[in-house]
$ cat work26.pdb   # PDB, C-alpha atoms
ATOM      1  CA  MET A 116      18.064 -47.900   3.231
ATOM      2  CA  SER A 117      15.393 -45.957   1.448
ATOM      3  CA  LEU A 118      11.764 -46.717   0.896
ATOM      4  CA  SER A 119      10.633 -47.310  -2.651
ATOM      5  CA  MET A 120       8.137 -44.953  -4.249
ATOM      6  CA  ASP A 121       5.672 -47.783  -4.053
ATOM      7  CA  GLY A 122       5.812 -47.647  -0.263
ATOM      8  CA  PRO A 123       2.964 -48.421   2.081
ATOM      9  CA  ALA A 124      -0.437 -47.152   1.019
ATOM     10  CA  MET A 125      -1.744 -44.328   3.168
ATOM     11  CA  PRO A 126      -5.292 -43.827   4.312
ATOM     12  CA  ALA A 127      -6.576 -40.874   2.358
ATOM     13  CA  ASP A 128      -7.761 -38.831   5.317
ATOM     14  CA  GLY A 129      -6.640 -35.603   3.671
ATOM     15  CA  ALA A 130      -7.722 -36.571   0.184
ATOM     16  CA  ASP A 131     -10.707 -34.888  -1.386
ATOM     17  CA  GLU A 132     -12.753 -37.804  -2.686
ATOM     18  CA  ILE A 133     -14.537 -35.651  -5.255
ATOM     19  CA  ILE A 134     -11.322 -34.280  -6.739
ATOM     20  CA  HIS A 135      -9.375 -37.530  -6.460
ATOM     21  CA  GLN A 136     -11.191 -39.170  -9.406
ATOM     22  CA  PRO A 137      -8.660 -38.915 -12.311
ATOM     23  CA  LEU A 138     -10.770 -36.942 -14.798
ATOM     24  CA  ARG A 139     -12.067 -34.570 -12.121
ATOM     25  CA  LEU A 140      -8.479 -34.063 -10.954
ATOM     26  CA  ARG A 141      -7.473 -33.094 -14.495
ATOM     27  CA  ILE A 142     -10.467 -30.749 -14.794
ATOM     28  CA  MET A 143      -9.607 -29.024 -11.532
ATOM     29  CA  ALA A 144      -5.917 -28.796 -12.483
ATOM     30  CA  ALA A 145      -6.790 -27.236 -15.827
ATOM     31  CA  LEU A 146      -9.193 -24.686 -14.331
ATOM     32  CA  ASN A 147      -6.900 -23.906 -11.408
ATOM     33  CA  SER A 148      -4.117 -22.933 -13.812
ATOM     34  CA  LEU A 149      -6.211 -20.060 -15.185
ATOM     35  CA  PRO A 150      -6.084 -16.558 -13.727
ATOM     36  CA  LYS A 151      -8.714 -15.791 -11.092
ATOM     37  CA  ARG A 152     -12.245 -15.504 -12.540
ATOM     38  CA  GLU A 153     -11.170 -16.479 -16.057
ATOM     39  CA  PRO A 154     -13.426 -19.162 -17.559
ATOM     40  CA  LEU A 155     -12.437 -21.842 -20.067
ATOM     41  CA  ASP A 156     -14.529 -22.860 -23.069
ATOM     42  CA  PHE A 157     -16.084 -26.299 -22.767
ATOM     43  CA  THR A 158     -14.426 -27.476 -25.995
ATOM     44  CA  ARG A 159     -11.005 -26.250 -24.910
ATOM     45  CA  LEU A 160     -11.451 -27.894 -21.510
ATOM     46  CA  ARG A 161     -12.499 -31.127 -23.225
ATOM     47  CA  THR A 162      -9.293 -31.140 -25.287
ATOM     48  CA  SER A 163      -7.176 -30.218 -22.260
ATOM     49  CA  VAL A 164      -8.416 -33.109 -20.147
ATOM     50  CA  LYS A 165      -8.839 -35.610 -23.018
ATOM     51  CA  ALA A 166     -12.504 -36.374 -22.321
ATOM     52  CA  THR A 167     -15.643 -36.982 -24.336
ATOM     53  CA  ASP A 168     -18.562 -34.527 -24.220
ATOM     54  CA  GLY A 169     -20.773 -36.796 -22.135
ATOM     55  CA  ASN A 170     -18.063 -37.816 -19.707
ATOM     56  CA  LEU A 171     -16.920 -34.244 -19.178
ATOM     57  CA  GLY A 172     -20.488 -33.020 -18.682
ATOM     58  CA  ALA A 173     -21.182 -35.675 -16.044
ATOM     59  CA  HIS A 174     -18.035 -34.912 -14.052
ATOM     60  CA  LEU A 175     -18.585 -31.152 -14.319
ATOM     61  CA  GLY A 176     -22.041 -31.744 -12.830
ATOM     62  CA  THR A 177     -20.448 -33.500  -9.841
ATOM     63  CA  LEU A 178     -17.950 -30.680  -9.360
ATOM     64  CA  GLU A 179     -20.648 -28.033  -9.727
ATOM     65  CA  ARG A 180     -22.844 -29.717  -7.104
ATOM     66  CA  ALA A 181     -19.849 -29.743  -4.762
ATOM     67  CA  GLY A 182     -19.464 -26.001  -5.318
ATOM     68  CA  TYR A 183     -16.024 -26.411  -6.894
ATOM     69  CA  VAL A 184     -16.798 -25.079 -10.367
ATOM     70  CA  GLU A 185     -19.197 -22.591 -11.912
ATOM     71  CA  ILE A 186     -20.763 -23.241 -15.302
ATOM     72  CA  HIS A 187     -21.707 -20.245 -17.436
ATOM     73  CA  LYS A 188     -24.015 -20.697 -20.425
ATOM     74  CA  ASP A 189     -24.676 -17.927 -22.922
ATOM     75  CA  PHE A 190     -24.931 -17.268 -26.642
ATOM     76  CA  VAL A 191     -22.393 -15.835 -29.055
ATOM     77  CA  GLY A 192     -24.646 -14.660 -31.861
ATOM     78  CA  LYS A 193     -26.950 -17.640 -32.270
ATOM     79  CA  ARG A 194     -24.437 -20.225 -31.094
ATOM     80  CA  PRO A 195     -24.706 -21.526 -27.545
ATOM     81  CA  ARG A 196     -21.528 -21.317 -25.532
ATOM     82  CA  THR A 197     -20.601 -23.091 -22.308
ATOM     83  CA  ARG A 198     -17.726 -21.889 -20.190
ATOM     84  CA  VAL A 199     -16.436 -23.237 -16.912
ATOM     85  CA  SER A 200     -14.503 -21.546 -14.135
ATOM     86  CA  ILE A 201     -13.185 -22.700 -10.792
ATOM     87  CA  SER A 202     -14.799 -21.251  -7.659
ATOM     88  CA  PRO A 203     -12.840 -19.946  -4.655
ATOM     89  CA  ALA A 204     -13.957 -23.055  -2.727
ATOM     90  CA  GLY A 205     -12.697 -25.179  -5.625
ATOM     91  CA  ARG A 206      -9.289 -23.507  -5.589
ATOM     92  CA  LEU A 207      -8.986 -24.100  -1.870
ATOM     93  CA  ALA A 208     -10.056 -27.749  -2.123
ATOM     94  CA  PHE A 209      -7.675 -28.329  -5.031
ATOM     95  CA  ALA A 210      -4.757 -26.748  -3.156
ATOM     96  CA  ARG A 211      -5.489 -28.952  -0.139
ATOM     97  CA  HIS A 212      -5.700 -32.062  -2.279
ATOM     98  CA  VAL A 213      -2.401 -31.329  -4.023
ATOM     99  CA  ALA A 214      -0.779 -30.662  -0.651
ATOM    100  CA  PHE A 215      -2.075 -34.023   0.518
ATOM    101  CA  LEU A 216      -0.624 -35.772  -2.560
ATOM    102  CA  ARG A 217       2.740 -34.120  -1.941
ATOM    103  CA  ALA A 218       2.653 -35.238   1.693
ATOM    104  CA  VAL A 219       1.970 -38.818   0.599
ATOM    105  CA  ILE A 220       4.969 -38.709  -1.746
ATOM    106  CA  ASP A 221       7.202 -37.162   0.913
ATOM    107  CA  GLN A 222       6.282 -39.889   3.401
ATOM    108  CA  GLY A 223       6.763 -42.644   0.832
ATOM    109  CA  SER A 224      10.203 -41.524  -0.359
ATOM    110  CA  GLY A 225      11.697 -39.949   2.733
ATOM    111  CA  PRO A 226      14.410 -41.478   4.948
ATOM    112  CA  PRO A 227      13.275 -44.279   7.263
TER
ATOM    113  CA  MET B 194      -9.722 -45.336   0.043
ATOM    114  CA  GLU B 195      -5.956 -45.640   0.292
ATOM    115  CA  ILE B 196      -3.327 -43.883  -1.801
ATOM    116  CA  SER B 197       0.226 -45.119  -2.321
ATOM    117  CA  SER B 198       3.085 -42.757  -3.038
ATOM    118  CA  ASN B 199       3.194 -44.049  -6.603
ATOM    119  CA  GLN B 200      -0.482 -43.215  -7.125
ATOM    120  CA  ALA B 201       0.091 -39.782  -5.611
ATOM    121  CA  LEU B 202       3.009 -39.201  -7.964
ATOM    122  CA  GLU B 203       0.938 -40.252 -10.959
ATOM    123  CA  ALA B 204      -1.851 -37.920  -9.850
ATOM    124  CA  LEU B 205       0.563 -34.985  -9.607
ATOM    125  CA  GLU B 206       1.897 -35.802 -13.061
ATOM    126  CA  GLU B 207      -1.690 -35.703 -14.363
ATOM    127  CA  VAL B 208      -2.067 -32.272 -12.753
ATOM    128  CA  GLN B 209       1.066 -30.956 -14.465
ATOM    129  CA  ASP B 210       0.033 -32.436 -17.784
ATOM    130  CA  ALA B 211      -3.422 -30.832 -17.674
ATOM    131  CA  GLN B 212      -1.938 -27.453 -16.732
ATOM    132  CA  ARG B 213       0.551 -27.642 -19.582
ATOM    133  CA  ARG B 214      -2.163 -28.495 -22.112
ATOM    134  CA  VAL B 215      -4.373 -25.613 -20.963
ATOM    135  CA  ALA B 216      -1.483 -23.179 -21.298
ATOM    136  CA  THR B 217      -0.803 -24.457 -24.825
ATOM    137  CA  LEU B 218      -4.454 -24.202 -25.881
ATOM    138  CA  ARG B 219      -4.825 -20.703 -24.441
ATOM    139  CA  GLY B 220      -1.755 -19.666 -26.420
ATOM    140  CA  TYR B 221      -3.306 -21.100 -29.573
ATOM    141  CA  GLY B 222      -6.496 -19.154 -28.921
ATOM    142  CA  TYR B 223      -4.618 -15.870 -28.546
ATOM    143  CA  ALA B 224      -2.537 -16.462 -31.693
ATOM    144  CA  ALA B 225      -5.382 -17.557 -33.992
ATOM    145  CA  PRO B 226      -6.746 -14.108 -34.983
ATOM    146  CA  TYR B 227      -3.277 -12.900 -35.985
ATOM    147  CA  PHE B 228      -2.847 -15.853 -38.336
ATOM    148  CA  LEU B 229      -6.264 -15.159 -39.860
ATOM    149  CA  LEU B 230      -5.464 -11.456 -40.304
ATOM    150  CA  TRP B 231      -2.060 -12.027 -41.890
ATOM    151  CA  GLY B 232      -3.435 -14.866 -43.994
ATOM    152  CA  CYS B 233      -5.851 -12.355 -45.548
ATOM    153  CA  VAL B 234      -3.010  -9.856 -46.014
ATOM    154  CA  TRP B 235      -0.960 -12.475 -47.856
ATOM    155  CA  VAL B 236      -3.817 -13.586 -50.093
ATOM    156  CA  VAL B 237      -4.571  -9.996 -51.139
ATOM    157  CA  GLY B 238      -0.890  -9.037 -51.432
ATOM    158  CA  PHE B 239       0.223 -11.972 -53.551
ATOM    159  CA  LEU B 240      -2.865 -11.894 -55.749
ATOM    160  CA  GLY B 241      -2.153  -8.204 -56.320
ATOM    161  CA  GLY B 242       1.449  -9.078 -57.142
ATOM    162  CA  TYR B 243       0.339 -11.622 -59.722
ATOM    163  CA  PHE B 244      -2.379  -9.636 -61.456
ATOM    164  CA  LEU B 245      -0.887  -6.135 -61.024
ATOM    165  CA  PRO B 246       2.908  -6.551 -60.918
ATOM    166  CA  ALA B 247       3.443  -2.772 -60.930
ATOM    167  CA  TRP B 248       1.670  -2.332 -57.597
ATOM    168  CA  GLN B 249       4.017  -4.549 -55.601
ATOM    169  CA  GLY B 250       6.251  -2.058 -53.773
ATOM    170  CA  ARG B 251       3.672   0.460 -52.572
ATOM    171  CA  GLY B 252       0.951  -2.167 -52.413
ATOM    172  CA  TRP B 253       2.858  -4.347 -49.982
ATOM    173  CA  ALA B 254       3.935  -1.368 -47.896
ATOM    174  CA  GLY B 255       0.276  -0.360 -47.560
ATOM    175  CA  LEU B 256      -0.790  -3.916 -46.746
ATOM    176  CA  ASP B 257       1.938  -4.273 -44.134
ATOM    177  CA  LEU B 258       0.760  -1.055 -42.512
ATOM    178  CA  ALA B 259      -2.819  -2.337 -42.561
ATOM    179  CA  GLY B 260      -1.611  -5.624 -41.049
ATOM    180  CA  PHE B 261       0.209  -3.695 -38.336
ATOM    181  CA  ALA B 262      -2.896  -1.637 -37.580
ATOM    182  CA  GLY B 263      -5.040  -4.782 -37.449
ATOM    183  CA  THR B 264      -2.513  -6.461 -35.168
ATOM    184  CA  VAL B 265      -2.636  -3.527 -32.779
ATOM    185  CA  LEU B 266      -6.457  -3.572 -32.785
ATOM    186  CA  ILE B 267      -6.573  -7.312 -32.019
ATOM    187  CA  MET B 268      -4.046  -6.914 -29.231
ATOM    188  CA  ARG B 269      -5.988  -4.023 -27.696
ATOM    189  CA  HIS B 270      -9.199  -6.039 -27.938
ATOM    190  CA  GLN B 271      -7.641  -9.103 -26.291
ATOM    191  CA  ARG B 272      -6.211  -6.932 -23.555
ATOM    192  CA  SER B 273      -9.517  -5.230 -22.841
ATOM    193  CA  VAL B 274     -11.324  -8.609 -22.764
ATOM    194  CA  ALA B 275      -8.730  -9.904 -20.292
ATOM    195  CA  GLN B 276      -9.101  -6.803 -18.151
ATOM    196  CA  ARG B 277     -12.904  -7.091 -18.120
ATOM    197  CA  SER B 278     -12.666 -10.793 -17.293
ATOM    198  CA  LEU B 279     -10.092 -10.364 -14.532
ATOM    199  CA  GLY B 280     -11.468  -7.098 -13.219
ATOM    200  CA  VAL B 281      -7.959  -5.663 -12.962
ATOM    201  CA  ARG B 282      -5.684  -3.638 -15.183
ATOM    202  CA  THR B 283      -3.195  -5.959 -16.914
ATOM    203  CA  SER B 284       0.396  -5.129 -17.765
ATOM    204  CA  SER B 285       1.123  -3.627 -21.180
ATOM    205  CA  ARG B 286       4.585  -5.225 -21.363
ATOM    206  CA  THR B 287       3.460  -8.164 -23.515
ATOM    207  CA  PHE B 288       1.672  -5.761 -25.862
ATOM    208  CA  TRP B 289       4.849  -3.782 -26.512
ATOM    209  CA  ARG B 290       7.046  -6.876 -26.720
ATOM    210  CA  ILE B 291       4.900  -8.453 -29.438
ATOM    211  CA  LEU B 292       4.775  -5.189 -31.366
ATOM    212  CA  ALA B 293       8.569  -4.904 -31.081
ATOM    213  CA  LEU B 294       8.948  -8.503 -32.306
ATOM    214  CA  LEU B 295       6.718  -7.810 -35.289
ATOM    215  CA  ALA B 296       8.542  -4.565 -36.109
ATOM    216  CA  THR B 297      11.868  -6.417 -35.867
ATOM    217  CA  ALA B 298      10.699  -9.137 -38.269
ATOM    218  CA  VAL B 299       9.408  -6.602 -40.822
ATOM    219  CA  GLY B 300      12.568  -4.482 -40.425
ATOM    220  CA  PHE B 301      14.735  -7.585 -40.920
ATOM    221  CA  LEU B 302      12.761  -8.473 -44.044
ATOM    222  CA  TYR B 303      13.174  -5.067 -45.691
ATOM    223  CA  ALA B 304      16.823  -4.804 -44.579
ATOM    224  CA  THR B 305      17.586  -8.185 -46.136
ATOM    225  CA  TYR B 306      15.948  -7.115 -49.394
ATOM    226  CA  ALA B 307      18.023  -3.923 -49.337
ATOM    227  CA  VAL B 308      21.284  -5.799 -48.775
ATOM    228  CA  PHE B 309      20.822  -8.800 -51.058
ATOM    229  CA  GLN B 310      18.829  -7.027 -53.793
ATOM    230  CA  PRO B 311      16.729  -9.960 -55.069
ATOM    231  CA  GLN B 312      16.151  -9.738 -58.810
ATOM    232  CA  ARG B 313      13.192 -12.014 -59.404
ATOM    233  CA  SER B 314       9.709 -11.720 -57.964
ATOM    234  CA  ALA B 315       9.873 -15.350 -56.805
ATOM    235  CA  GLN B 316      12.819 -14.401 -54.578
ATOM    236  CA  PHE B 317      10.780 -11.560 -53.052
ATOM    237  CA  ALA B 318       7.916 -13.944 -52.456
ATOM    238  CA  VAL B 319       9.743 -16.888 -50.929
ATOM    239  CA  PHE B 320      11.709 -15.024 -48.280
ATOM    240  CA  PRO B 321       8.856 -13.818 -45.989
ATOM    241  CA  ALA B 322       7.444 -17.344 -45.935
ATOM    242  CA  LEU B 323      10.803 -18.861 -44.975
ATOM    243  CA  LEU B 324      11.297 -16.183 -42.312
ATOM    244  CA  CYS B 325       7.805 -16.592 -40.835
ATOM    245  CA  GLY B 326       7.966 -20.382 -41.084
ATOM    246  CA  SER B 327      11.240 -20.426 -39.148
ATOM    247  CA  ILE B 328       9.829 -18.097 -36.480
ATOM    248  CA  TYR B 329       6.726 -20.289 -36.070
ATOM    249  CA  ILE B 330       8.823 -23.430 -35.776
ATOM    250  CA  GLY B 331      10.974 -21.730 -33.129
ATOM    251  CA  ILE B 332       7.930 -20.581 -31.156
ATOM    252  CA  GLY B 333       6.368 -24.016 -31.517
ATOM    253  CA  LEU B 334       9.296 -25.750 -29.835
ATOM    254  CA  TRP B 335       8.097 -24.068 -26.633
ATOM    255  CA  ARG B 336       4.458 -23.267 -27.343
ATOM    256  CA  GLY B 337       2.982 -26.303 -29.053
ATOM    257  CA  MET B 338       3.001 -28.572 -32.056
ATOM    258  CA  ARG B 339       0.408 -26.648 -34.094
ATOM    259  CA  TRP B 340       2.877 -23.772 -34.461
ATOM    260  CA  VAL B 341       5.532 -26.201 -35.731
ATOM    261  CA  VAL B 342       3.178 -27.822 -38.231
ATOM    262  CA  GLY B 343       2.076 -24.396 -39.531
ATOM    263  CA  GLY B 344       5.688 -23.224 -39.813
ATOM    264  CA  VAL B 345       6.906 -26.344 -41.586
ATOM    265  CA  ALA B 346       3.961 -26.266 -44.015
ATOM    266  CA  LEU B 347       4.527 -22.580 -44.799
ATOM    267  CA  ALA B 348       8.242 -22.992 -45.472
ATOM    268  CA  ALA B 349       7.774 -26.238 -47.430
ATOM    269  CA  PHE B 350       5.033 -24.800 -49.663
ATOM    270  CA  ALA B 351       7.156 -21.712 -50.312
ATOM    271  CA  LEU B 352      10.172 -23.791 -51.357
ATOM    272  CA  LEU B 353       7.996 -26.043 -53.480
ATOM    273  CA  GLY B 354       6.615 -23.037 -55.353
ATOM    274  CA  TYR B 355      10.031 -21.403 -55.680
ATOM    275  CA  PHE B 356      11.686 -24.423 -57.275
ATOM    276  CA  LEU B 357       8.800 -25.953 -59.211
ATOM    277  CA  LEU B 358       6.510 -23.045 -60.143
ATOM    278  CA  PRO B 359       8.644 -19.875 -60.180
ATOM    279  CA  GLN B 360       6.579 -18.285 -62.973
ATOM    280  CA  TYR B 361       3.395 -18.675 -60.887
ATOM    281  CA  MET B 362       5.029 -17.918 -57.544
ATOM    282  CA  MET B 363       2.731 -14.995 -56.638
ATOM    283  CA  LEU B 364      -0.375 -17.021 -57.389
ATOM    284  CA  TRP B 365       1.070 -20.013 -55.557
ATOM    285  CA  MET B 366       1.917 -17.959 -52.482
ATOM    286  CA  ALA B 367      -1.540 -16.411 -52.391
ATOM    287  CA  ALA B 368      -3.087 -19.898 -52.361
ATOM    288  CA  ALA B 369      -0.512 -21.978 -50.499
ATOM    289  CA  GLY B 370       1.099 -19.289 -48.300
ATOM    290  CA  GLY B 371      -2.018 -17.300 -47.423
ATOM    291  CA  GLY B 372      -3.993 -20.541 -47.328
ATOM    292  CA  THR B 373      -1.566 -22.101 -44.845
ATOM    293  CA  LEU B 374      -1.803 -19.058 -42.569
ATOM    294  CA  LEU B 375      -5.608 -19.114 -42.724
ATOM    295  CA  THR B 376      -5.793 -22.882 -42.160
ATOM    296  CA  THR B 377      -3.365 -22.644 -39.241
ATOM    297  CA  GLY B 378      -5.447 -19.784 -37.814
ATOM    298  CA  PHE B 379      -8.641 -21.844 -37.952
ATOM    299  CA  TRP B 380      -6.818 -24.819 -36.445
ATOM    300  CA  LEU B 381      -5.420 -22.725 -33.602
ATOM    301  CA  SER B 382      -8.858 -21.301 -32.858
ATOM    302  CA  ARG B 383     -10.305 -24.783 -32.342
ATOM    303  CA  GLY B 384     -10.293 -26.372 -28.908
TER
END
$ encode --input "work26.pdb" --output "C-alpha cells"
Amino acid sequence: MSLSMDGPAMPADGADEIIHQPLRLRIMAALNSLPKREPLDFTRLRTSVKATDGNLGAHLGTLERAGYVEIHKDFVGKRPRTRVSISPAGRLAFARHVAFLRAVIDQGSGPP
Amino acid sequence: MEISSNQALEALEEVQDAQRRVATLRGYGYAAPYFLLWGCVWVVGFLGGYFLPAWQGRGWAGLDLAGFAGTVLIMRHQRSVAQRSLGVRTSSRTFWRILALLATAVGFLYATYAVFQPQRSAQFAVFPALLCGSIYIGIGLWRGMRWVVGGVALAAFALLGYFLLPQYMMLWMAAAGGGTLLTTGFWLSRG
C-alpha cells in the first residue's frame, strides 16, 4: 500500500510563512537562482514571476521588511532603475523552506 | 497553516518554473547587444551591396571584422560587469567558446561560398540569413522562444526576398534581415 500524494496535511511548523505565499515564493526562487550578490531588474523580475507592478512592489516590501531581499534604486542616465537582490538571510530562509517542502513530500509519498 | 504533500509539490514546481524563467530572461539580456550590433552590420552591409555593388567583397570582409571586434568588446564589457557585480574573477571559458562558435559560423559561410560558388548576389545574400536563422532556432529550443521566433522570422524573410524580390534582394535584406536582427535585439533586451 502506498499513500497518495494528497496524503494527510502537515502542520507547517518548518514552513516560513512569509515565503510560503505563492508570489513571494516565486520571487525568492527567482532571486535565489542568481549568483551571489547579483541583482535582478524589477521589470525582469516582474516577467519572471508573472506579477503586476503594484502586486510585485507590495510583496517585495514584505520581503524587504523581513530582511530577505535588498532593493537598490539608482539612475541610468535620467531613467530610474530598481534592482532587487536576495540577502544572505533570505537565501538561508529560502533553503530551509524548500527543505521543509521536500520533507512534506517525502512524508506524504513514502512507504507506510 | 497546514500543507499537504500535493501543495508542497505544487510549490516546488512553482520554484522550478520561476528559476527556469529567470535563466531564460538573463540569457536574453546577454544576447540582446549582439543582435543589435549585427543588425547594424547587416543594414550597412546590404545597403552598401545594393547601392555600391562593387564594394561587396572587401566591404563585407571589413564589416565582418568590425562585427567581430564589436562582439569581443561587448563580451569583455559583460565579463567585467559580472566580475564587478560578483566581486570575483569569472572564468574566460565561455568567452572563448562563443568566439570559437562565431569564428566557426563565419568560416563555414566563406567555405560554403568557396565550394558552391554562388553566381547571383541574391544567393550570396540569402545564405547567411538561413544559416543564422537555423542557429537561432537551434539555440532557442534550449534557451527560449524569442530565439526561435527571431530565427524563423529571419529565415522566412530571407526566403521570401529570394523567391519574390531577387532583383531587390540586397535592399530587402537590409530592411527585413537587419530589421529582424534589430527587432529581436530590442525584444530580447526587454524584461
$ resolve_selection --input "work26.pdb" --expression "the PyMOL selection byres ((chain A and resi 176-190) around 9)" --output "PyMOL selection string"
chain A and resi 133-134+139+143+146+154+171-175+191-209
$ write_last_selection --input "work26.pdb" --atoms "C-alpha atoms" --output "PDB file, keeping the file's coordinate frame"
ATOM      1  CA  ILE A 133     -14.537 -35.651  -5.255  1.00  0.00           C
ATOM      2  CA  ILE A 134     -11.322 -34.280  -6.739  1.00  0.00           C
ATOM      3  CA  ARG A 139     -12.067 -34.570 -12.121  1.00  0.00           C
ATOM      4  CA  MET A 143      -9.607 -29.024 -11.532  1.00  0.00           C
ATOM      5  CA  LEU A 146      -9.193 -24.686 -14.331  1.00  0.00           C
ATOM      6  CA  PRO A 154     -13.426 -19.162 -17.559  1.00  0.00           C
ATOM      7  CA  LEU A 171     -16.920 -34.244 -19.178  1.00  0.00           C
ATOM      8  CA  GLY A 172     -20.488 -33.020 -18.682  1.00  0.00           C
ATOM      9  CA  ALA A 173     -21.182 -35.675 -16.044  1.00  0.00           C
ATOM     10  CA  HIS A 174     -18.035 -34.912 -14.052  1.00  0.00           C
ATOM     11  CA  LEU A 175     -18.585 -31.152 -14.319  1.00  0.00           C
ATOM     12  CA  VAL A 191     -22.393 -15.835 -29.055  1.00  0.00           C
ATOM     13  CA  GLY A 192     -24.646 -14.660 -31.861  1.00  0.00           C
ATOM     14  CA  LYS A 193     -26.950 -17.640 -32.270  1.00  0.00           C
ATOM     15  CA  ARG A 194     -24.437 -20.225 -31.094  1.00  0.00           C
ATOM     16  CA  PRO A 195     -24.706 -21.526 -27.545  1.00  0.00           C
ATOM     17  CA  ARG A 196     -21.528 -21.317 -25.532  1.00  0.00           C
ATOM     18  CA  THR A 197     -20.601 -23.091 -22.308  1.00  0.00           C
ATOM     19  CA  ARG A 198     -17.726 -21.889 -20.190  1.00  0.00           C
ATOM     20  CA  VAL A 199     -16.436 -23.237 -16.912  1.00  0.00           C
ATOM     21  CA  SER A 200     -14.503 -21.546 -14.135  1.00  0.00           C
ATOM     22  CA  ILE A 201     -13.185 -22.700 -10.792  1.00  0.00           C
ATOM     23  CA  SER A 202     -14.799 -21.251  -7.659  1.00  0.00           C
ATOM     24  CA  PRO A 203     -12.840 -19.946  -4.655  1.00  0.00           C
ATOM     25  CA  ALA A 204     -13.957 -23.055  -2.727  1.00  0.00           C
ATOM     26  CA  GLY A 205     -12.697 -25.179  -5.625  1.00  0.00           C
ATOM     27  CA  ARG A 206      -9.289 -23.507  -5.589  1.00  0.00           C
ATOM     28  CA  LEU A 207      -8.986 -24.100  -1.870  1.00  0.00           C
ATOM     29  CA  ALA A 208     -10.056 -27.749  -2.123  1.00  0.00           C
ATOM     30  CA  PHE A 209      -7.675 -28.329  -5.031  1.00  0.00           C
TER      31      PHE A 209
END
$ interface_residues --input "work26.pdb" --of "chain B" --to "chain A" --cutoff "8 Å" --atoms "all atoms listed in the file" --output "ChimeraX atom specification"
/B:194-199,201-202,204-205,207-209,211-212,214-216,218,278-279,383-384
$ write_last_selection --input "work26.pdb" --atoms "C-alpha atoms" --output "PDB file, in the frame of the given file"
ATOM      1  CA  MET B 194      -9.722 -45.336   0.043  1.00  0.00           C
ATOM      2  CA  GLU B 195      -5.956 -45.640   0.292  1.00  0.00           C
ATOM      3  CA  ILE B 196      -3.327 -43.883  -1.801  1.00  0.00           C
ATOM      4  CA  SER B 197       0.226 -45.119  -2.321  1.00  0.00           C
ATOM      5  CA  SER B 198       3.085 -42.757  -3.038  1.00  0.00           C
ATOM      6  CA  ASN B 199       3.194 -44.049  -6.603  1.00  0.00           C
ATOM      7  CA  ALA B 201       0.091 -39.782  -5.611  1.00  0.00           C
ATOM      8  CA  LEU B 202       3.009 -39.201  -7.964  1.00  0.00           C
ATOM      9  CA  ALA B 204      -1.851 -37.920  -9.850  1.00  0.00           C
ATOM     10  CA  LEU B 205       0.563 -34.985  -9.607  1.00  0.00           C
ATOM     11  CA  GLU B 207      -1.690 -35.703 -14.363  1.00  0.00           C
ATOM     12  CA  VAL B 208      -2.067 -32.272 -12.753  1.00  0.00           C
ATOM     13  CA  GLN B 209       1.066 -30.956 -14.465  1.00  0.00           C
ATOM     14  CA  ALA B 211      -3.422 -30.832 -17.674  1.00  0.00           C
ATOM     15  CA  GLN B 212      -1.938 -27.453 -16.732  1.00  0.00           C
ATOM     16  CA  ARG B 214      -2.163 -28.495 -22.112  1.00  0.00           C
ATOM     17  CA  VAL B 215      -4.373 -25.613 -20.963  1.00  0.00           C
ATOM     18  CA  ALA B 216      -1.483 -23.179 -21.298  1.00  0.00           C
ATOM     19  CA  LEU B 218      -4.454 -24.202 -25.881  1.00  0.00           C
ATOM     20  CA  SER B 278     -12.666 -10.793 -17.293  1.00  0.00           C
ATOM     21  CA  LEU B 279     -10.092 -10.364 -14.532  1.00  0.00           C
ATOM     22  CA  ARG B 383     -10.305 -24.783 -32.342  1.00  0.00           C
ATOM     23  CA  GLY B 384     -10.293 -26.372 -28.908  1.00  0.00           C
TER      24      GLY B 384
END
$ atom_distance --input "work26.pdb" --atom1 "atom CA of Asp257 of chain B" --atom2 "atom CA of Phe317 of chain B"
14.5 Å
$ residues_around --input "work26.pdb" --residues "Tyr227 of chain B" --least-positions-apart "2" --cutoff "8 Å" --atoms "all atoms listed in the file" --output "PDB file with C-alpha atoms, in the frame of the given file"
ATOM      1  CA  ALA B 224      -2.537 -16.462 -31.693  1.00  0.00           C
ATOM      2  CA  ALA B 225      -5.382 -17.557 -33.992  1.00  0.00           C
ATOM      3  CA  LEU B 229      -6.264 -15.159 -39.860  1.00  0.00           C
ATOM      4  CA  LEU B 230      -5.464 -11.456 -40.304  1.00  0.00           C
ATOM      5  CA  TRP B 231      -2.060 -12.027 -41.890  1.00  0.00           C
ATOM      6  CA  THR B 264      -2.513  -6.461 -35.168  1.00  0.00           C
ATOM      7  CA  ILE B 267      -6.573  -7.312 -32.019  1.00  0.00           C
ATOM      8  CA  GLY B 378      -5.447 -19.784 -37.814  1.00  0.00           C
TER       9      GLY B 378
END
$ resolve_selection --input "work26.pdb" --expression "the PyMOL selection byres ((chain B and resi 242-256) around 12)" --output "ChimeraX atom specification"
/B:230-241,257-264,299-300,302-303,306,313-315,317-318,321,359-368
$ atom_distance --input "work26.pdb" --atom1 "atom CA of Val342 of chain B" --atom2 "atom CA of His270 of chain B"
27.1 Å
$ atom_distance --input "work26.pdb" --atom1 "atom CA of Gly344 of chain B" --atom2 "atom CA of Gly222 of chain B"
16.8 Å
$ closest_residue --input "work26.pdb" --among "B:Arg213, B:Arg277, B:Met268, B:Thr297" --to "Pro226 of chain B" --atoms "all atoms listed in the file"
B:Met268
$ axis_aligned_box --input "work26.pdb" --around "segment 262-279 of chain B" --padding-each-side "4 Å" --output "lines of an AutoDock Vina configuration file"
center_x = -7.7
center_y = -6.2
center_z = -26.1
size_x = 18.4
size_y = 17.2
size_z = 31.0
$ closest_residue --input "work26.pdb" --among "B:Val265, B:Ile330, B:Leu357, B:Ala369" --to "Ala296 of chain B" --atoms "only C-alpha atoms"
B:Val265
